[in-house]
Amino acid sequence: MLLEVIATSVRDVIAAEQSGADRIELITGMLEGGLTPSYGLIEAAVQATKLPVQVMIRPHSYSFFYDRLDVAAMMTDIRMVKKIGAAGVVLGALTPDRRPDVEVLARLLEEAEGLSVTFHRAFDEVRDVQEALDELEKFKQIDRILTSGGKPNVLDAVQEMKHLVAWSQKTSIQILAGSGLTIASLPAFVAETGVQEVHFGKGVRMNSDPLGPIDPVRIQQMKEHRYESTKTDV
């Protein structure tokens, strides 16, 4: 099982690595669902760890619909991420009728050539999951989809996640599960769904506070398979 941890600071990055995380998602704006961090933070984070750092490319939290000005900003951000040397980017774009915006994605992915790409939880707002999967599969640069199975809490989407994992096994895309997992629920969820990658944010922070520091013990518990009945929401 691969554990991805959200980091919003260099301290988070260091704590996550030392505690056993496998990959970092670097963001700012935790309460807004994640926004693009500053170039200074990206550079410092990349220099502070040997873990792959996936950088959020999201210019605002209004929606996942992006106009030409948004796209221009996102492309600049991707160029800077490549220059700084991060491993990858986390992005997504939808049309107003909630389909993957293939035109915007094509432009962003062209700019992101050579980077690992995660399609983020814009996926959970698509109007038709299978239609979206068919579209995203065409983009060979997309390595994974971060999703809660279309539900606010992934634990309420076990059947949906099983379907997504089964689909992913026929493709080169991994399913990254997030939102609502707990240390206690993780073993059964992984066993039922077959998910191989999980994503934790506030669930690995002190008191499950999204603005609190990372709690190394929680990460260690997951990595050592000592799943205790701690209430730790993602």
# chains A, B, ... in the order shown; residues from 1 in each chain; ligands from 1
call {"tool": "closest_atom_pairs", "arguments": {"of": "region 87-114 of chain A", "to": "region 29-36 of chain A", "cutoff": "10 Å", "atoms": "only C-alpha atoms", "output": "CSV"}}
result
residue,atom,partner,partner_atom,distance
A:Val89,CA,A:Thr36,CA,9.9
A:Val90,CA,A:Thr36,CA,9.4
A:Leu91,CA,A:Thr36,CA,9.8
call {"tool": "select_by_dssp", "arguments": {"residues": "region 143-194 of chain A", "states": "helix (DSSP H, G or I)", "output": "list in words"}}
result
Val154, Leu155, Asp156, Val158, Gln159, Glu160, Met161, Lys162, His163, Leu164, Val165, Ala166, Trp167, Ser168, Leu186, Pro187, Ala188, Phe189, Val190, Ala191, Glu192 and Thr193 of chain A
call {"tool": "residues_around", "arguments": {"residues": "Ala48 (chain A)", "least_positions_apart": "4", "cutoff": "10 Å", "atoms": "only C-alpha atoms", "output": "CSV table (one decimal) with all heavy atoms, in the first residue's frame"}}
result
chain,number,residue,atom,x,y,z
A,10,VAL,N,7.1,23.0,4.6
A,10,VAL,CA,8.3,22.2,4.6
A,10,VAL,C,8.4,21.3,5.8
A,10,VAL,O,8.8,20.2,5.8
A,10,VAL,CB,9.6,23.1,4.5
A,10,VAL,CG1,10.8,22.3,4.5
A,10,VAL,CG2,9.6,24.0,3.3
A,11,ARG,N,7.9,21.8,7.0
A,11,ARG,CA,7.8,21.0,8.2
A,11,ARG,C,7.0,19.7,7.9
A,11,ARG,O,7.3,18.6,8.4
A,11,ARG,CB,7.2,21.8,9.4
A,11,ARG,CG,8.2,22.8,9.9
A,11,ARG,CD,7.6,23.4,11.2
A,11,ARG,NE,8.4,24.5,11.7
A,11,ARG,CZ,8.2,25.8,11.3
A,11,ARG,NH1,7.2,26.1,10.5
A,11,ARG,NH2,8.9,26.8,11.8
A,13,VAL,N,6.5,18.3,5.1
A,13,VAL,CA,7.2,17.4,4.2
A,13,VAL,C,8.2,16.6,4.9
A,13,VAL,O,8.3,15.3,4.8
A,13,VAL,CB,7.9,18.2,3.1
A,13,VAL,CG1,8.9,17.4,2.3
A,13,VAL,CG2,6.9,18.9,2.2
A,14,ILE,N,9.0,17.2,5.8
A,14,ILE,CA,10.0,16.5,6.6
A,14,ILE,C,9.4,15.5,7.5
A,14,ILE,O,9.8,14.4,7.6
A,14,ILE,CB,10.9,17.5,7.4
A,14,ILE,CG1,11.7,18.4,6.4
A,14,ILE,CG2,11.8,16.8,8.3
A,14,ILE,CD1,12.4,19.6,7.0
A,17,GLU,N,8.0,12.4,5.6
A,17,GLU,CA,9.1,11.5,5.1
A,17,GLU,C,9.7,10.7,6.3
A,17,GLU,O,9.8,9.5,6.2
A,17,GLU,CB,10.2,12.3,4.4
A,17,GLU,CG,11.4,11.4,4.0
A,17,GLU,CD,12.4,12.2,3.2
A,17,GLU,OE1,12.7,13.3,3.6
A,17,GLU,OE2,13.0,11.6,2.3
A,42,ILE,N,7.5,25.4,-3.1
A,42,ILE,CA,7.7,24.2,-3.9
A,42,ILE,C,9.2,23.9,-3.9
A,42,ILE,O,9.6,22.8,-3.7
A,42,ILE,CB,7.2,24.5,-5.4
A,42,ILE,CG1,5.7,24.7,-5.4
A,42,ILE,CG2,7.6,23.3,-6.3
A,42,ILE,CD1,5.2,25.2,-6.8
A,43,GLU,N,10.0,24.9,-4.2
A,43,GLU,CA,11.5,24.7,-4.2
A,43,GLU,C,12.0,24.2,-2.9
A,43,GLU,O,12.8,23.2,-2.8
A,43,GLU,CB,12.2,26.0,-4.6
A,43,GLU,CG,13.7,25.8,-4.7
A,43,GLU,CD,14.4,27.1,-5.3
A,43,GLU,OE1,14.0,28.2,-4.7
A,43,GLU,OE2,15.2,27.0,-6.2
A,44,ALA,N,11.6,24.8,-1.8
A,44,ALA,CA,12.0,24.3,-0.5
A,44,ALA,C,11.6,22.9,-0.2
A,44,ALA,O,12.4,22.1,0.4
A,44,ALA,CB,11.5,25.3,0.6
call {"tool": "residues_around", "arguments": {"residues": "Glu4 (chain A)", "least_positions_apart": "2", "cutoff": "6 Å", "atoms": "only C-alpha atoms", "output": "mmCIF file with all heavy atoms, in the first residue's frame"}}
result
data_model
loop_
_atom_site.group_PDB
_atom_site.id
_atom_site.type_symbol
_atom_site.label_atom_id
_atom_site.label_comp_id
_atom_site.auth_asym_id
_atom_site.auth_seq_id
_atom_site.Cartn_x
_atom_site.Cartn_y
_atom_site.Cartn_z
ATOM 1 N N ASP A 22 5.098 7.745 1.571
ATOM 2 C CA ASP A 22 5.722 7.340 0.308
ATOM 3 C C ASP A 22 5.715 8.440 -0.747
ATOM 4 O O ASP A 22 6.518 8.407 -1.675
ATOM 5 C CB ASP A 22 4.980 6.130 -0.265
ATOM 6 C CG ASP A 22 5.005 4.948 0.691
ATOM 7 O OD1 ASP A 22 6.110 4.478 1.011
ATOM 8 O OD2 ASP A 22 3.917 4.516 1.126
ATOM 9 N N ARG A 23 4.794 9.381 -0.626
ATOM 10 C CA ARG A 23 4.697 10.447 -1.622
ATOM 11 C C ARG A 23 4.039 11.658 -0.972
ATOM 12 O O ARG A 23 3.239 11.529 -0.040
ATOM 13 C CB ARG A 23 3.865 9.976 -2.822
ATOM 14 C CG ARG A 23 3.863 10.943 -4.005
ATOM 15 C CD ARG A 23 3.214 10.299 -5.244
ATOM 16 N NE ARG A 23 1.823 9.963 -5.026
ATOM 17 C CZ ARG A 23 1.262 8.806 -5.407
ATOM 18 N NH1 ARG A 23 1.971 7.880 -6.014
ATOM 19 N NH2 ARG A 23 -0.012 8.579 -5.173
ATOM 20 N N ILE A 24 4.384 12.831 -1.471
ATOM 21 C CA ILE A 24 3.841 14.086 -0.955
ATOM 22 C C ILE A 24 2.946 14.735 -1.996
ATOM 23 O O ILE A 24 3.293 14.793 -3.183
ATOM 24 C CB ILE A 24 4.980 15.083 -0.626
ATOM 25 C CG1 ILE A 24 5.954 14.509 0.413
ATOM 26 C CG2 ILE A 24 4.419 16.429 -0.183
ATOM 27 C CD1 ILE A 24 5.352 14.297 1.774
ATOM 28 N N HIS A 199 -4.628 8.265 0.271
ATOM 29 C CA HIS A 199 -4.285 9.693 0.352
ATOM 30 C C HIS A 199 -4.856 10.238 1.654
ATOM 31 O O HIS A 199 -6.069 10.149 1.882
ATOM 32 C CB HIS A 199 -4.923 10.367 -0.868
ATOM 33 C CG HIS A 199 -4.887 11.853 -0.894
ATOM 34 N ND1 HIS A 199 -3.880 12.576 -1.498
ATOM 35 C CD2 HIS A 199 -5.779 12.780 -0.431
ATOM 36 C CE1 HIS A 199 -4.149 13.870 -1.425
ATOM 37 N NE2 HIS A 199 -5.286 14.016 -0.763
#
call {"tool": "select_by_dssp", "arguments": {"residues": "region 76-107 of chain A", "states": "strand (DSSP E)", "output": "VMD selection string"}}
result
chain A and resid 88 to 91
call {"tool": "closest_residue", "arguments": {"among": "A:Val217, A:Ile78, A:Ile183, A:Val158", "to": "Ser116 (chain A)", "atoms": "only C-alpha atoms"}}
result
A:Ile78
call {"tool": "atom_distance", "arguments": {"atom1": "CA of Ala112 (chain A)", "atom2": "CA of Ala16 (chain A)"}}
result
25.4 Å
call {"tool": "residues_around", "arguments": {"residues": "Lys151 (chain A)", "least_positions_apart": "6", "cutoff": "10 Å", "atoms": "only C-alpha atoms", "output": "list in words"}}
result
Asp124, Glu125, Ala157, Val158, Glu160, Ser179 and Gly180 of chain A
call {"tool": "write_last_selection", "arguments": {"atoms": "all heavy atoms", "output": "PDB file, in the first residue's frame"}}
result
ATOM      1  N   ASP A 124     -14.736  13.581  -8.909  1.00  0.00           N
ATOM      2  CA  ASP A 124     -15.915  13.249  -8.117  1.00  0.00           C
ATOM      3  C   ASP A 124     -17.123  14.123  -8.454  1.00  0.00           C
ATOM      4  O   ASP A 124     -18.210  13.899  -7.914  1.00  0.00           O
ATOM      5  CB  ASP A 124     -15.589  13.344  -6.629  1.00  0.00           C
ATOM      6  CG  ASP A 124     -14.642  12.246  -6.189  1.00  0.00           C
ATOM      7  OD1 ASP A 124     -14.802  11.104  -6.659  1.00  0.00           O
ATOM      8  OD2 ASP A 124     -13.727  12.524  -5.395  1.00  0.00           O
ATOM      9  N   GLU A 125     -16.935  15.093  -9.339  1.00  0.00           N
ATOM     10  CA  GLU A 125     -18.047  15.947  -9.747  1.00  0.00           C
ATOM     11  C   GLU A 125     -18.497  15.693 -11.186  1.00  0.00           C
ATOM     12  O   GLU A 125     -19.354  16.406 -11.698  1.00  0.00           O
ATOM     13  CB  GLU A 125     -17.654  17.420  -9.575  1.00  0.00           C
ATOM     14  CG  GLU A 125     -17.394  17.789  -8.121  1.00  0.00           C
ATOM     15  CD  GLU A 125     -17.231  19.290  -7.910  1.00  0.00           C
ATOM     16  OE1 GLU A 125     -17.520  20.063  -8.849  1.00  0.00           O
ATOM     17  OE2 GLU A 125     -16.810  19.670  -6.811  1.00  0.00           O
ATOM     18  N   ALA A 157     -18.570   4.646  -0.421  1.00  0.00           N
ATOM     19  CA  ALA A 157     -18.468   4.378  -1.861  1.00  0.00           C
ATOM     20  C   ALA A 157     -17.641   3.126  -2.134  1.00  0.00           C
ATOM     21  O   ALA A 157     -16.898   3.063  -3.108  1.00  0.00           O
ATOM     22  CB  ALA A 157     -17.846   5.585  -2.557  1.00  0.00           C
ATOM     23  N   VAL A 158     -17.803   2.123  -1.287  1.00  0.00           N
ATOM     24  CA  VAL A 158     -16.999   0.907  -1.439  1.00  0.00           C
ATOM     25  C   VAL A 158     -17.258   0.245  -2.784  1.00  0.00           C
ATOM     26  O   VAL A 158     -16.321  -0.148  -3.490  1.00  0.00           O
ATOM     27  CB  VAL A 158     -17.268  -0.071  -0.281  1.00  0.00           C
ATOM     28  CG1 VAL A 158     -16.618  -1.433  -0.556  1.00  0.00           C
ATOM     29  CG2 VAL A 158     -16.725   0.499   1.028  1.00  0.00           C
ATOM     30  N   GLU A 160     -18.458   1.583  -5.529  1.00  0.00           N
ATOM     31  CA  GLU A 160     -17.948   2.453  -6.589  1.00  0.00           C
ATOM     32  C   GLU A 160     -16.428   2.335  -6.705  1.00  0.00           C
ATOM     33  O   GLU A 160     -15.872   2.289  -7.822  1.00  0.00           O
ATOM     34  CB  GLU A 160     -18.328   3.911  -6.316  1.00  0.00           C
ATOM     35  CG  GLU A 160     -19.813   4.214  -6.470  1.00  0.00           C
ATOM     36  CD  GLU A 160     -20.635   3.917  -5.223  1.00  0.00           C
ATOM     37  OE1 GLU A 160     -20.083   3.315  -4.267  1.00  0.00           O
ATOM     38  OE2 GLU A 160     -21.825   4.272  -5.201  1.00  0.00           O
ATOM     39  N   SER A 179     -10.400  10.848   1.306  1.00  0.00           N
ATOM     40  CA  SER A 179     -11.560  11.517   1.892  1.00  0.00           C
ATOM     41  C   SER A 179     -12.413  10.569   2.723  1.00  0.00           C
ATOM     42  O   SER A 179     -13.245   9.836   2.186  1.00  0.00           O
ATOM     43  CB  SER A 179     -12.435  12.193   0.833  1.00  0.00           C
ATOM     44  OG  SER A 179     -13.475  12.924   1.455  1.00  0.00           O
ATOM     45  N   GLY A 180     -12.187  10.594   4.029  1.00  0.00           N
ATOM     46  CA  GLY A 180     -13.023   9.830   4.944  1.00  0.00           C
ATOM     47  C   GLY A 180     -12.396   8.573   5.488  1.00  0.00           C
ATOM     48  O   GLY A 180     -12.937   7.952   6.398  1.00  0.00           O
TER      49      GLY A 180
END
call {"tool": "residues_around", "arguments": {"residues": "Gln220 (chain A)", "least_positions_apart": "2", "cutoff": "12 Å", "atoms": "only C-alpha atoms", "output": "VMD selection string"}}
result
chain A and resid 3 15 to 22 183 204 214 to 218 222 to 228
call {"tool": "write_last_selection", "arguments": {"atoms": "N, CA and C atoms", "output": "short mmCIF file (atom, residue, chain, number, x, y, z; two decimals), in the first residue's frame"}}
result
data_model
loop_
_atom_site.label_atom_id
_atom_site.label_comp_id
_atom_site.auth_asym_id
_atom_site.auth_seq_id
_atom_site.Cartn_x
_atom_site.Cartn_y
_atom_site.Cartn_z
N LEU A 3 1.27 5.21 0.57
CA LEU A 3 0.65 6.28 1.36
C LEU A 3 1.10 7.65 0.87
N ALA A 15 8.32 15.90 8.21
CA ALA A 15 7.65 15.00 9.15
C ALA A 15 7.06 13.80 8.42
N ALA A 16 6.46 14.03 7.26
CA ALA A 16 5.86 12.94 6.50
C ALA A 16 6.92 11.94 6.06
N GLU A 17 8.04 12.44 5.55
CA GLU A 17 9.10 11.54 5.11
C GLU A 17 9.67 10.74 6.28
N GLN A 18 9.96 11.41 7.38
CA GLN A 18 10.57 10.74 8.52
C GLN A 18 9.64 9.70 9.14
N SER A 19 8.33 9.89 8.96
CA SER A 19 7.35 8.98 9.56
C SER A 19 7.02 7.80 8.66
N GLY A 20 7.44 7.84 7.39
CA GLY A 20 7.22 6.69 6.52
C GLY A 20 6.29 6.91 5.35
N ALA A 21 5.89 8.14 5.08
CA ALA A 21 5.05 8.40 3.89
C ALA A 21 5.84 8.04 2.63
N ASP A 22 5.10 7.75 1.57
CA ASP A 22 5.72 7.34 0.31
C ASP A 22 5.72 8.44 -0.75
N ILE A 183 -7.63 5.32 10.19
CA ILE A 183 -6.67 4.25 10.45
C ILE A 183 -7.40 2.95 10.75
N VAL A 204 -3.94 12.51 9.21
CA VAL A 204 -2.62 12.26 9.80
C VAL A 204 -2.11 13.49 10.54
N ILE A 214 1.43 17.62 11.32
CA ILE A 214 1.37 16.19 11.07
C ILE A 214 1.71 15.43 12.35
N ASP A 215 0.96 14.36 12.60
CA ASP A 215 1.19 13.49 13.74
C ASP A 215 1.96 12.26 13.25
N PRO A 216 3.26 12.19 13.52
CA PRO A 216 4.06 11.07 13.01
C PRO A 216 3.54 9.71 13.44
N VAL A 217 2.93 9.63 14.62
CA VAL A 217 2.45 8.35 15.14
C VAL A 217 1.37 7.77 14.22
N ARG A 218 0.51 8.62 13.71
CA ARG A 218 -0.56 8.13 12.85
C ARG A 218 -0.02 7.55 11.55
N MET A 222 -0.11 3.43 10.30
CA MET A 222 -0.56 2.92 9.01
C MET A 222 0.54 2.11 8.32
N LYS A 223 1.73 2.62 8.35
CA LYS A 223 2.82 1.95 7.64
C LYS A 223 3.23 0.65 8.33
N GLU A 224 3.05 0.57 9.63
CA GLU A 224 3.42 -0.63 10.37
C GLU A 224 2.23 -1.57 10.54
N HIS A 225 1.09 -1.21 9.93
CA HIS A 225 -0.13 -2.03 10.00
C HIS A 225 -0.62 -2.21 11.43
N ARG A 226 -0.39 -1.20 12.25
CA ARG A 226 -0.93 -1.20 13.60
C ARG A 226 -2.14 -0.28 13.60
N TYR A 227 -3.22 -0.75 12.99
CA TYR A 227 -4.39 0.10 12.79
C TYR A 227 -5.21 0.12 14.07
N GLU A 228 -5.12 1.22 14.78
CA GLU A 228 -5.86 1.36 16.03
C GLU A 228 -7.16 2.11 15.79
#
call {"tool": "residues_around", "arguments": {"residues": "Leu155 (chain A)", "least_positions_apart": "2", "cutoff": "10 Å", "atoms": "only C-alpha atoms", "output": "PyMOL selection string"}}
result
chain A and resi 148-149+151-153+157-159+161+177-182+185-186+189
call {"tool": "decode", "arguments": {"residues": "region 28-39 of chain A", "atoms": "N, CA, C and O atoms", "output": "compact mmCIF listing (two decimals), in the first residue's frame"}}
result
# COMPACT_ATOMS: atom_id res chain seq x y z
N THR A 28 -1.36 24.54 -0.97
CA THR A 28 -1.73 25.53 0.02
C THR A 28 -3.25 25.55 0.05
O THR A 28 -3.89 24.90 -0.76
N GLY A 29 -3.85 26.27 1.01
CA GLY A 29 -5.31 26.35 1.05
C GLY A 29 -5.98 25.04 1.38
O GLY A 29 -6.90 24.60 0.68
N MET A 30 -5.56 24.40 2.47
CA MET A 30 -6.15 23.12 2.87
C MET A 30 -7.66 23.20 3.01
O MET A 30 -8.40 22.31 2.57
N LEU A 31 -8.16 24.28 3.60
CA LEU A 31 -9.60 24.40 3.84
C LEU A 31 -10.39 24.65 2.55
O LEU A 31 -11.60 24.49 2.53
N GLU A 32 -9.69 25.01 1.49
CA GLU A 32 -10.34 25.22 0.20
C GLU A 32 -10.19 24.02 -0.72
O GLU A 32 -10.50 24.10 -1.90
N GLY A 33 -9.67 22.93 -0.18
CA GLY A 33 -9.51 21.74 -0.99
C GLY A 33 -8.21 21.67 -1.75
O GLY A 33 -7.99 20.76 -2.55
N GLY A 34 -7.32 22.64 -1.50
CA GLY A 34 -6.01 22.62 -2.12
C GLY A 34 -5.87 23.59 -3.27
O GLY A 34 -6.66 23.58 -4.21
N LEU A 35 -4.86 24.45 -3.20
CA LEU A 35 -4.55 25.42 -4.25
C LEU A 35 -3.05 25.35 -4.53
O LEU A 35 -2.28 24.75 -3.79
N THR A 36 -2.63 26.01 -5.60
CA THR A 36 -1.22 25.98 -6.00
C THR A 36 -0.36 26.70 -4.95
O THR A 36 -0.62 27.85 -4.62
N PRO A 37 0.67 26.03 -4.45
CA PRO A 37 1.57 26.68 -3.48
C PRO A 37 2.52 27.65 -4.18
O PRO A 37 2.67 27.64 -5.40
N SER A 38 3.19 28.46 -3.39
CA SER A 38 4.14 29.42 -3.95
C SER A 38 5.36 28.70 -4.51
O SER A 38 5.70 27.58 -4.11
N TYR A 39 6.05 29.38 -5.42
CA TYR A 39 7.26 28.79 -5.99
C TYR A 39 8.33 28.57 -4.92
O TYR A 39 9.07 27.59 -4.96
